[in-house]
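The structure file structure_18.tsv is reproduced below (TSV, C-alpha atoms).
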```
chain	number	residue	atom	x	y	z
A	25	MET	CA	-0.79	3.96	-6.45
A	26	SER	CA	0.63	6.46	-3.94
A	27	TRP	CA	2.20	8.53	-6.72
A	28	LEU	CA	-1.09	8.57	-8.67
A	29	VAL	CA	-3.08	9.69	-5.62
A	30	TYR	CA	-0.61	12.47	-4.89
A	31	ARG	CA	-0.52	13.60	-8.54
A	32	LEU	CA	-4.32	13.74	-8.75
A	33	SER	CA	-4.94	15.43	-5.39
A	34	HIS	CA	-1.70	17.10	-4.22
A	35	SER	CA	-3.05	16.32	-0.74
A	36	VAL	CA	-1.02	14.63	2.00
A	37	LEU	CA	-4.26	14.00	3.91
A	38	LEU	CA	-5.82	12.14	0.96
A	39	LEU	CA	-2.61	10.17	0.56
A	40	GLY	CA	-3.04	8.90	4.13
A	41	ALA	CA	-6.78	8.38	3.65
A	42	VAL	CA	-6.34	6.15	0.59
A	43	GLY	CA	-3.69	4.18	2.48
A	44	PHE	CA	-6.18	3.79	5.34
A	45	ALA	CA	-8.91	2.57	2.95
A	46	GLY	CA	-6.64	-0.11	1.52
A	47	GLN	CA	-5.42	-1.40	4.84
A	48	ILE	CA	-8.39	-1.17	7.23
A	49	PRO	CA	-9.98	-4.41	5.88
A	50	THR	CA	-6.85	-6.23	7.06
A	51	PHE	CA	-7.52	-5.07	10.60
A	52	LEU	CA	-11.25	-5.86	10.48
A	53	LEU	CA	-11.29	-9.16	8.57
A	54	THR	CA	-7.95	-10.90	9.02
A	55	SER	CA	-8.94	-12.74	12.24
A	56	LEU	CA	-11.85	-14.25	10.27
A	57	GLY	CA	-9.38	-15.16	7.51
A	58	GLY	CA	-7.17	-16.91	10.06
A	59	ALA	CA	-10.06	-18.96	11.44
A	60	ILE	CA	-11.03	-19.99	7.90
A	61	ALA	CA	-7.38	-20.90	7.18
A	62	ASP	CA	-7.55	-23.44	10.04
A	63	ARG	CA	-10.77	-24.94	8.69
A	64	GLY	CA	-10.50	-25.19	4.89
A	65	ASN	CA	-8.24	-26.14	1.98
A	66	ARG	CA	-5.57	-23.42	2.01
A	67	TYR	CA	-4.25	-24.36	-1.43
A	68	ARG	CA	-7.58	-23.88	-3.22
A	69	MET	CA	-8.36	-20.73	-1.26
A	70	ILE	CA	-5.06	-19.11	-2.29
A	71	ILE	CA	-5.73	-19.79	-5.98
A	72	GLY	CA	-9.21	-18.27	-5.76
A	73	LEU	CA	-7.98	-15.18	-3.89
A	74	GLN	CA	-5.14	-14.58	-6.35
A	75	ALA	CA	-7.66	-14.72	-9.22
A	76	LEU	CA	-9.80	-12.08	-7.49
A	77	ALA	CA	-6.74	-9.87	-6.96
A	78	MET	CA	-5.92	-10.17	-10.66
A	79	VAL	CA	-9.39	-8.94	-11.64
A	80	GLN	CA	-9.00	-5.95	-9.30
A	81	ALA	CA	-5.61	-5.10	-10.86
A	82	PHE	CA	-7.03	-5.12	-14.39
A	83	ILE	CA	-9.91	-2.84	-13.34
A	84	VAL	CA	-7.42	-0.29	-11.96
A	85	ALA	CA	-5.38	-0.52	-15.17
A	86	TYR	CA	-8.48	0.06	-17.34
A	87	LEU	CA	-9.59	3.12	-15.37
A	88	VAL	CA	-6.15	4.73	-15.48
A	89	LEU	CA	-5.38	3.92	-19.12
A	90	SER	CA	-8.82	5.15	-20.25
A	91	GLY	CA	-8.38	8.41	-18.35
A	92	LYS	CA	-11.55	7.83	-16.32
A	93	VAL	CA	-9.87	7.32	-12.95
A	94	GLN	CA	-10.98	9.44	-9.99
A	95	ILE	CA	-9.93	9.47	-6.36
A	96	TRP	CA	-13.14	7.72	-5.24
A	97	HIS	CA	-12.39	4.86	-7.68
A	98	LEU	CA	-9.06	4.34	-5.94
A	99	PHE	CA	-10.75	4.36	-2.52
A	100	VAL	CA	-13.20	1.63	-3.55
A	101	LEU	CA	-10.63	-0.51	-5.35
A	102	ARG	CA	-8.18	-0.26	-2.48
A	103	ILE	CA	-10.90	-1.46	-0.09
A	104	ILE	CA	-11.60	-4.43	-2.38
A	105	LEU	CA	-7.92	-5.38	-2.60
A	106	GLY	CA	-7.53	-4.88	1.15
A	107	SER	CA	-10.43	-7.28	1.76
A	108	ILE	CA	-8.86	-9.89	-0.52
A	109	ASN	CA	-5.50	-9.50	1.26
A	110	ALA	CA	-7.19	-9.84	4.68
A	111	PHE	CA	-7.94	-13.47	3.78
A	112	ASP	CA	-5.01	-14.15	1.47
A	113	ILE	CA	-2.15	-13.18	3.79
A	114	PRO	CA	-2.92	-15.35	6.86
A	115	ILE	CA	-3.88	-18.26	4.60
A	116	ARG	CA	-0.68	-17.91	2.57
A	117	GLN	CA	1.51	-17.51	5.67
A	118	SER	CA	0.09	-20.66	7.24
A	119	PHE	CA	0.35	-22.49	3.88
A	120	ILE	CA	4.18	-22.30	4.06
A	121	VAL	CA	4.11	-25.16	6.57
A	122	ASP	CA	2.12	-27.30	4.12
A	123	MET	CA	4.84	-26.87	1.47
A	124	ILE	CA	7.84	-28.05	3.48
A	125	GLU	CA	8.52	-31.65	4.53
A	126	ASP	CA	10.98	-31.05	7.39
A	127	ARG	CA	9.80	-28.63	10.11
A	128	GLU	CA	13.43	-27.78	10.89
A	129	ASP	CA	13.49	-25.95	7.55
A	130	LEU	CA	10.66	-23.63	8.62
A	131	GLY	CA	12.89	-20.70	9.62
A	132	ASN	CA	14.82	-20.86	6.37
A	133	ALA	CA	11.61	-21.25	4.36
A	134	ILE	CA	10.16	-18.08	5.92
A	135	ALA	CA	13.41	-16.19	5.30
A	136	LEU	CA	13.50	-17.43	1.68
A	137	ASN	CA	9.90	-16.30	1.23
A	138	SER	CA	10.86	-12.88	2.64
A	139	SER	CA	13.89	-12.63	0.35
A	140	LEU	CA	11.71	-13.32	-2.71
A	141	VAL	CA	9.15	-10.74	-1.62
A	142	ASN	CA	11.84	-8.15	-1.04
A	143	GLY	CA	13.70	-8.98	-4.22
A	144	ALA	CA	10.48	-7.88	-5.89
A	145	ARG	CA	10.30	-4.82	-3.61
A	146	LEU	CA	13.83	-3.93	-4.72
A	147	LEU	CA	13.24	-4.28	-8.46
A	148	GLY	CA	9.56	-3.34	-8.77
A	149	PRO	CA	9.55	0.25	-7.46
A	150	SER	CA	12.81	1.08	-9.26
A	151	ILE	CA	11.38	-0.11	-12.59
A	152	ALA	CA	8.03	1.55	-11.80
A	153	GLY	CA	9.71	4.91	-11.16
A	154	VAL	CA	11.21	4.81	-14.65
A	155	LEU	CA	7.98	3.50	-16.21
A	156	ILE	CA	5.82	6.22	-14.61
A	157	ALA	CA	8.11	8.89	-16.05
A	158	ALA	CA	8.16	7.21	-19.49
A	159	VAL	CA	4.62	5.88	-20.07
A	160	GLY	CA	2.54	6.80	-16.98
A	161	GLU	CA	1.00	4.92	-14.08
A	162	GLY	CA	-1.49	2.96	-16.25
A	163	MET	CA	1.18	0.72	-17.75
A	164	CYS	CA	2.43	-0.17	-14.26
A	165	PHE	CA	-1.07	-1.26	-13.24
A	166	LEU	CA	-1.49	-3.27	-16.46
A	167	LEU	CA	1.80	-5.11	-15.89
A	168	ASN	CA	0.68	-5.79	-12.31
A	169	GLY	CA	-2.50	-7.45	-13.60
A	170	ILE	CA	-0.56	-9.54	-16.14
A	171	SER	CA	1.90	-10.66	-13.43
A	172	PHE	CA	-0.86	-12.61	-11.67
A	173	ILE	CA	-1.11	-15.03	-14.63
A	174	PRO	CA	2.25	-16.81	-14.03
A	175	VAL	CA	1.59	-16.72	-10.27
A	176	ILE	CA	-1.68	-18.61	-10.69
A	177	ALA	CA	-0.06	-20.97	-13.22
A	178	ALA	CA	2.71	-21.75	-10.70
A	179	LEU	CA	0.14	-22.45	-7.97
A	180	LEU	CA	-1.77	-24.80	-10.27
A	181	ALA	CA	1.49	-26.66	-11.05
A	182	MET	CA	2.18	-27.37	-7.37
A	183	ARG	CA	1.74	-30.82	-5.89
A	184	VAL	CA	0.80	-30.58	-2.22
A	185	ARG	CA	-0.40	-33.11	0.31
A	186	PRO	CA	-4.15	-33.82	-0.07
A	187	HIS	CA	-6.24	-31.76	2.32
A	188	VAL	CA	-7.97	-33.86	4.96
A	189	LYS	CA	-11.17	-32.15	6.01
A	190	LYS	CA	-11.64	-32.36	9.77
A	191	ARG	CA	-15.00	-32.33	11.43
A	192	ARG	CA	-15.47	-29.13	13.46
A	193	GLU	CA	-17.64	-29.11	16.56
A	194	THR	CA	-17.39	-25.32	17.02
A	195	ASN	CA	-18.32	-22.37	14.81
A	196	VAL	CA	-15.98	-19.76	13.32
A	197	LEU	CA	-16.73	-17.10	15.96
A	198	HIS	CA	-15.85	-19.50	18.78
A	199	GLU	CA	-12.57	-20.36	17.06
A	200	MET	CA	-11.78	-16.65	16.61
A	201	ARG	CA	-12.25	-16.11	20.37
A	202	GLU	CA	-10.18	-19.22	21.08
A	203	GLY	CA	-7.37	-17.87	18.90
A	204	PHE	CA	-7.45	-14.50	20.70
A	205	SER	CA	-7.24	-16.17	24.13
A	206	TYR	CA	-4.35	-18.36	22.97
A	207	ALA	CA	-2.38	-15.47	21.43
A	208	PHE	CA	-2.74	-12.93	24.23
A	209	GLY	CA	-2.73	-15.41	27.10
A	210	PHE	CA	0.81	-16.58	26.30
A	211	PRO	CA	3.36	-13.81	27.14
A	212	PRO	CA	5.96	-14.52	24.38
A	213	ILE	CA	3.36	-14.39	21.59
A	214	ARG	CA	1.73	-11.33	23.16
A	215	MET	CA	5.06	-9.48	23.46
A	216	VAL	CA	6.06	-10.15	19.85
A	217	LEU	CA	2.67	-9.10	18.49
A	218	LEU	CA	2.47	-5.90	20.57
A	219	LEU	CA	5.93	-4.66	19.52
A	220	LEU	CA	5.17	-5.45	15.88
A	221	ALA	CA	1.84	-3.59	16.17
A	222	LEU	CA	3.54	-0.53	17.70
A	223	VAL	CA	6.22	-0.34	14.99
A	224	SER	CA	3.57	-0.81	12.28
A	225	LEU	CA	1.43	1.96	13.77
A	226	VAL	CA	4.08	4.63	14.25
A	227	GLY	CA	6.94	3.57	11.96
A	228	MET	CA	5.65	1.85	8.83
A	229	PRO	CA	3.53	4.83	7.61
A	230	TYR	CA	6.79	6.36	6.35
A	231	MET	CA	5.99	4.42	3.14
A	232	VAL	CA	2.78	6.41	2.67
A	233	LEU	CA	4.68	9.71	2.99
A	234	MET	CA	7.43	8.69	0.55
A	235	PRO	CA	5.97	10.72	-2.39
A	236	VAL	CA	6.13	13.84	-0.20
A	237	PHE	CA	9.82	13.26	0.58
A	238	ALA	CA	10.55	12.55	-3.10
A	239	SER	CA	8.85	15.71	-4.39
A	240	GLN	CA	9.03	18.30	-1.60
A	241	VAL	CA	12.06	17.38	0.53
A	242	LEU	CA	14.37	16.00	-2.19
A	243	HIS	CA	12.80	18.03	-5.05
A	244	GLY	CA	12.60	15.04	-7.38
A	245	GLY	CA	9.96	13.12	-9.33
A	246	PRO	CA	8.84	9.52	-9.82
A	247	ASN	CA	12.45	8.45	-10.48
A	248	THR	CA	13.42	9.72	-7.01
A	249	LEU	CA	10.50	7.82	-5.48
A	250	GLY	CA	11.67	4.69	-7.28
A	251	PHE	CA	15.22	5.10	-5.95
A	252	LEU	CA	13.98	5.52	-2.36
A	253	MET	CA	11.66	2.51	-2.57
A	254	GLY	CA	14.37	0.47	-4.25
A	255	ALA	CA	16.85	1.35	-1.50
A	256	SER	CA	14.35	0.23	1.13
A	257	GLY	CA	13.85	-3.01	-0.79
A	258	LEU	CA	17.61	-3.55	-1.00
A	259	GLY	CA	17.93	-3.25	2.76
A	260	ALA	CA	14.99	-5.59	3.28
A	261	LEU	CA	16.51	-8.13	0.88
A	262	ALA	CA	19.79	-8.02	2.82
A	263	GLY	CA	17.83	-8.58	6.05
A	264	ALA	CA	16.05	-11.59	4.58
A	265	ILE	CA	19.37	-13.09	3.38
A	266	TYR	CA	20.83	-12.58	6.86
A	267	LEU	CA	17.91	-14.47	8.44
A	268	ALA	CA	18.09	-17.25	5.83
A	269	SER	CA	21.74	-17.82	6.77
A	270	ARG	CA	20.88	-18.42	10.44
A	271	LYS	CA	21.15	-22.03	11.61
A	272	SER	CA	18.67	-21.88	14.49
A	273	VAL	CA	15.74	-19.95	15.91
A	274	LEU	CA	17.73	-19.38	19.12
A	275	GLY	CA	18.52	-15.70	19.63
A	276	LEU	CA	15.54	-14.38	17.65
A	277	GLY	CA	14.36	-12.40	20.69
A	278	ARG	CA	17.58	-10.38	20.67
A	279	ALA	CA	17.31	-9.99	16.89
A	280	ILE	CA	13.84	-8.49	17.30
A	281	VAL	CA	15.21	-5.93	19.79
A	282	TRP	CA	18.16	-4.68	17.75
A	283	SER	CA	16.29	-4.75	14.43
A	284	ALA	CA	13.41	-2.65	15.79
A	285	SER	CA	15.96	-0.22	17.23
A	286	LEU	CA	17.79	-0.10	13.88
A	287	PHE	CA	14.52	0.54	12.05
A	288	GLY	CA	13.69	3.47	14.34
A	289	THR	CA	17.21	4.90	14.06
A	290	GLY	CA	17.03	4.74	10.26
A	291	LEU	CA	13.75	6.66	10.31
A	292	VAL	CA	15.17	9.36	12.60
A	293	PHE	CA	18.16	10.06	10.34
A	294	PHE	CA	16.04	9.77	7.17
A	295	SER	CA	13.69	12.46	8.50
A	296	LEU	CA	16.68	14.81	9.00
A	297	SER	CA	18.18	14.28	5.52
A	298	ASN	CA	17.66	16.52	2.49
A	299	MET	CA	20.21	14.78	0.24
A	300	LEU	CA	19.20	11.88	-2.03
A	301	THR	CA	22.31	9.75	-1.36
A	302	ALA	CA	21.99	10.09	2.43
A	303	SER	CA	18.23	9.43	2.26
A	304	MET	CA	18.81	6.29	0.18
A	305	ALA	CA	21.42	5.07	2.66
A	306	MET	CA	18.94	5.52	5.52
A	307	MET	CA	16.28	3.69	3.50
A	308	VAL	CA	18.66	0.71	3.24
A	309	VAL	CA	19.09	0.74	7.05
A	310	THR	CA	15.34	1.14	7.61
A	311	GLY	CA	14.47	-1.65	5.17
A	312	PHE	CA	17.00	-3.99	6.81
A	313	GLY	CA	15.66	-3.34	10.30
A	314	MET	CA	12.03	-3.67	9.21
A	315	MET	CA	12.60	-6.98	7.45
A	316	VAL	CA	14.63	-8.58	10.24
A	317	GLN	CA	12.03	-7.65	12.87
A	318	MET	CA	9.08	-8.79	10.75
A	319	ALA	CA	10.60	-12.08	9.56
A	320	ALA	CA	12.16	-12.89	12.96
A	321	SER	CA	8.76	-12.35	14.60
A	322	ASN	CA	7.11	-14.54	11.95
A	323	THR	CA	9.69	-17.32	12.40
A	324	LEU	CA	9.43	-17.26	16.18
A	325	LEU	CA	5.62	-17.40	16.12
A	326	GLN	CA	5.49	-20.20	13.52
A	327	THR	CA	8.02	-22.20	15.55
A	328	VAL	CA	6.15	-22.10	18.87
A	329	VAL	CA	2.51	-22.14	17.74
A	330	GLU	CA	0.40	-25.31	17.79
A	331	ASP	CA	-0.57	-26.55	14.31
A	332	LYS	CA	-4.29	-26.33	15.01
A	333	MET	CA	-3.90	-22.63	15.88
A	334	ARG	CA	-1.48	-21.68	13.09
A	335	GLY	CA	-3.94	-19.88	10.81
A	336	ARG	CA	-5.38	-17.85	13.67
A	337	ILE	CA	-1.98	-16.81	15.04
A	338	MET	CA	-0.89	-15.83	11.53
A	339	SER	CA	-4.02	-13.70	11.30
A	340	PHE	CA	-2.96	-11.84	14.46
A	341	PHE	CA	0.54	-11.50	13.00
A	342	THR	CA	-1.01	-10.01	9.87
A	343	MET	CA	-3.21	-7.74	11.98
A	344	ALA	CA	-0.17	-6.51	13.92
A	345	PHE	CA	2.05	-6.05	10.86
A	346	MET	CA	-0.48	-4.78	8.32
A	347	GLY	CA	-3.71	-4.22	10.24
A	348	MET	CA	-2.27	-1.35	12.30
A	349	ALA	CA	-0.93	0.36	9.18
A	350	PRO	CA	-4.28	1.97	8.18
A	351	PHE	CA	-4.48	3.79	11.50
A	352	GLY	CA	-0.84	4.74	11.09
A	353	SER	CA	-1.47	5.98	7.54
A	354	LEU	CA	-4.40	8.12	8.63
A	355	LEU	CA	-2.49	9.43	11.64
A	356	ALA	CA	0.64	10.11	9.59
A	357	GLY	CA	-1.35	11.91	6.88
A	358	ALA	CA	-3.07	14.13	9.47
A	359	MET	CA	0.18	14.84	11.34
A	360	ALA	CA	2.13	15.55	8.16
A	361	ASP	CA	-0.58	17.99	7.11
A	362	ARG	CA	-0.01	19.94	10.35
A	363	ILE	CA	3.66	19.52	11.29
A	364	GLY	CA	5.21	18.26	8.04
A	365	ALA	CA	6.32	14.83	6.82
A	366	PRO	CA	9.89	14.98	8.26
A	367	HIS	CA	8.69	15.68	11.82
A	368	THR	CA	6.05	12.95	11.52
A	369	VAL	CA	8.63	10.35	10.50
A	370	LEU	CA	11.01	11.56	13.24
A	371	ILE	CA	8.35	10.96	15.92
A	372	GLY	CA	7.63	7.50	14.50
A	373	GLY	CA	11.32	6.57	14.63
A	374	VAL	CA	11.69	7.67	18.26
A	375	CYS	CA	8.58	5.71	19.30
A	376	SER	CA	9.92	2.58	17.57
A	377	ILE	CA	13.19	2.84	19.50
A	378	LEU	CA	11.33	3.26	22.81
A	379	GLY	CA	9.18	0.20	22.04
A	380	ALA	CA	12.32	-1.87	21.37
A	381	LEU	CA	13.78	-0.80	24.73
A	382	VAL	CA	10.64	-1.88	26.59
A	383	PHE	CA	10.73	-5.25	24.77
A	384	ALA	CA	14.43	-5.66	25.70
A	385	ASN	CA	13.56	-5.15	29.35
A	386	ARG	CA	11.15	-8.12	29.12
A	387	LEU	CA	13.46	-10.55	27.29
A	388	SER	CA	13.79	-12.80	30.37
A	389	VAL	CA	9.99	-13.35	30.34
A	390	LEU	CA	10.21	-14.28	26.64
A	391	ARG	CA	12.98	-16.82	27.29
A	392	GLU	CA	11.17	-18.42	30.23
A	393	GLY	CA	8.04	-18.92	28.14
A	394	LEU	CA	9.88	-20.31	25.11
A	395	ARG	CA	12.27	-22.69	26.90
A	396	PRO	CA	9.75	-25.54	27.54
A	397	ILE	CA	8.56	-25.39	23.92
A	398	TYR	CA	12.10	-25.40	22.53
A	399	GLU	CA	12.98	-28.35	24.80
A	400	SER	CA	9.93	-30.34	23.66
A	401	LYS	CA	10.82	-29.72	20.00
A	402	GLY	CA	14.47	-30.68	20.54
A	403	ILE	CA	15.76	-27.20	19.64
A	404	ILE	CA	17.59	-27.02	22.99
```

Would you put the structure from the file into structure tokens?
Amino acid sequence: MSWLVYRLSHSVLLLGAVGFAGQIPTFLLTSLGGAIADRGNRYRMIIGLQALAMVQAFIVAYLVLSGKVQIWHLFVLRIILGSINAFDIPIRQSFIVDMIEDREDLGNAIALNSSLVNGARLLGPSIAGVLIAAVGEGMCFLLNGISFIPVIAALLAMRVRPHVKKRRETNVLHEMREGFSYAFGFPPIRMVLLLLALVSLVGMPYMVLMPVFASQVLHGGPNTLGFLMGASGLGALAGAIYLASRKSVLGLGRAIVWSASLFGTGLVFFSLSNMLTASMAMMVVTGFGMMVQMAASNTLLQTVVEDKMRGRIMSFFTMAFMGMAPFGSLLAGAMADRIGAPHTVLIGGVCSILGALVFANRLSVLREGLRPIYESKGII
């Protein structure tokens, strides 16, 4: 999608704007999605949302393959997909708990989920870079639409515990407010969410600017973009495997600190590189740091949160991780238009490192808040 937008417009500002359009629904709607996740049948909702996403993917494929695609089409379709994801992501994140029988396996289940996602992030962009050069973007979108069919088939084949509908005395808006008070009234959850939101705002938009680095800084084409995205996916996959190998949730606070610092450091050196091999190496470092911070934050939150609040806390996690990205995309596009993509990414890396240092200074507060919960759960 990012390569298509850049090819059609040759505008860094539009690249950021389309990224904003696709991600802003996550910020606006995900808290509603989290409240609904705590009220309804998550299993059925996921199947319905995946079907809607499949329809959107086939529409994009048709427009591109027929040669009718225009920038405004991509704006509208990205908003639609963003709205679907705003409900799908918090529901799917909270559904992980419904799939496992032993809660002690939660950390490993989240890490396994992350490794699968990032295995796809490793292979997908690399294959897409070759496919774009060979047959164009349309075939990539068509394969994306087709890929939803086995996903939906796998969901339908699952056997999960029957959903017991609970009588609710309060409305959705009240539960959204209740979730906000719970999340930001408890210092450990608040600290994790705020650092994740900062990194997503200033650091994650490097993904939006990747076509600019591939074409203008490294003087390559879609293959170069595929290599960079694949390197980031490789690092993220390694990070997920590292987390899956951990035996306990103890020490995740420290992991969040050093992984956010590593992510920022990778961005700083990536912004200074004009060689493909060095840039790919920094993408591995950046992907590793990003994945460890994101998955460690997810694991920590899912471990300490009360079951009745799980969907709502996962909606705030989604808002912090993905909901801040549209503002970051818009900001990065505007900044890159004025000071260049390398300087924009450099500033984002430095801000990520500073955020990690502030979080490190508050680690004692995190430990004090988590200790009673860990003791009650028998973790310590």

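Restricting the calculation to all atoms listed in the file, the smallest distance between A:Leu98 and any of A:Met304, A:Met78, A:Ala45, A:Val273 is found for A:Ala45.
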
Which residues of stretch 269-301 of chain A come within 9 Å of stretch 206-228 of chain A, and what is each one's closest atom pair and distance in Å (one decimal), counting all atoms listed in the file, sorted by chain and residue number, as a tab-separated table?
```
residue	atom	partner	partner_atom	distance
A:Gly277	CA	A:Val216	CA	8.6
A:Ile280	CA	A:Val216	CA	8.4
A:Ala284	CA	A:Val223	CA	7.6
A:Phe287	CA	A:Gly227	CA	8.2
A:Gly288	CA	A:Gly227	CA	7.2
A:Leu291	CA	A:Gly227	CA	7.7
```

Output file for the residues above (C-alpha atoms, as a compact mmCIF listing (two decimals), in the frame of the given file):
```
# COMPACT_ATOMS: atom_id res chain seq x y z
CA GLY A 277 14.36 -12.40 20.69
CA ILE A 280 13.84 -8.49 17.30
CA ALA A 284 13.41 -2.65 15.79
CA PHE A 287 14.52 0.54 12.05
CA GLY A 288 13.69 3.47 14.34
CA LEU A 291 13.75 6.66 10.31
```

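For the pair atom CA of A:Ala255 and atom CA of A:Gly347, the separation is 24.3 Å.
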
- Query: Of the candidates A:Thr289, A:Asn247, A:Asn109, A:Asn65, which shows the shortest atom-to-atom distance to A:Val184, using all atoms listed in the file?
  - Reply: A:Asn65

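Using only C-alpha atoms, the shortest contact distance between A:Leu136 and any of A:Gly393, A:Gly250, A:Gly263, A:Pro350 is found at A:Gly263.
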
Give me the residues within 12 Å of A:Ile83 as a short mmCIF file (atom, residue, chain, number, x, y, z; two decimals) with C-alpha atoms, in the coordinates of the input, counting all atoms listed in the file and dropping any in the same chain fewer than 5 places off.
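Written output follows (selection-v7.cif):
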```cif
data_model
loop_
_atom_site.label_atom_id
_atom_site.label_comp_id
_atom_site.auth_asym_id
_atom_site.auth_seq_id
_atom_site.Cartn_x
_atom_site.Cartn_y
_atom_site.Cartn_z
CA LEU A 76 -9.80 -12.08 -7.49
CA ALA A 77 -6.74 -9.87 -6.96
CA MET A 78 -5.92 -10.17 -10.66
CA VAL A 88 -6.15 4.73 -15.48
CA LEU A 89 -5.38 3.92 -19.12
CA SER A 90 -8.82 5.15 -20.25
CA LYS A 92 -11.55 7.83 -16.32
CA VAL A 93 -9.87 7.32 -12.95
CA HIS A 97 -12.39 4.86 -7.68
CA LEU A 98 -9.06 4.34 -5.94
CA VAL A 100 -13.20 1.63 -3.55
CA LEU A 101 -10.63 -0.51 -5.35
CA ARG A 102 -8.18 -0.26 -2.48
CA ILE A 104 -11.60 -4.43 -2.38
CA LEU A 105 -7.92 -5.38 -2.60
CA GLY A 162 -1.49 2.96 -16.25
CA PHE A 165 -1.07 -1.26 -13.24
CA LEU A 166 -1.49 -3.27 -16.46
CA ASN A 168 0.68 -5.79 -12.31
CA GLY A 169 -2.50 -7.45 -13.60
CA ILE A 170 -0.56 -9.54 -16.14
#
```

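Comparing the minimum interatomic distances between A:Val241 and each of A:Gly379, A:Gly364, A:Pro396, A:Pro49, counting all atoms listed in the file, we find that A:Gly364 sits nearest.
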
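Taking atom CA of A:Ser297 as the reference point, atom CA of A:Met231 is found at 15.9 Å.
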
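Atom pair atom CA of A:Leu267 / atom CA of A:Ala279 has a distance of 9.6 Å (rounded to one decimal).
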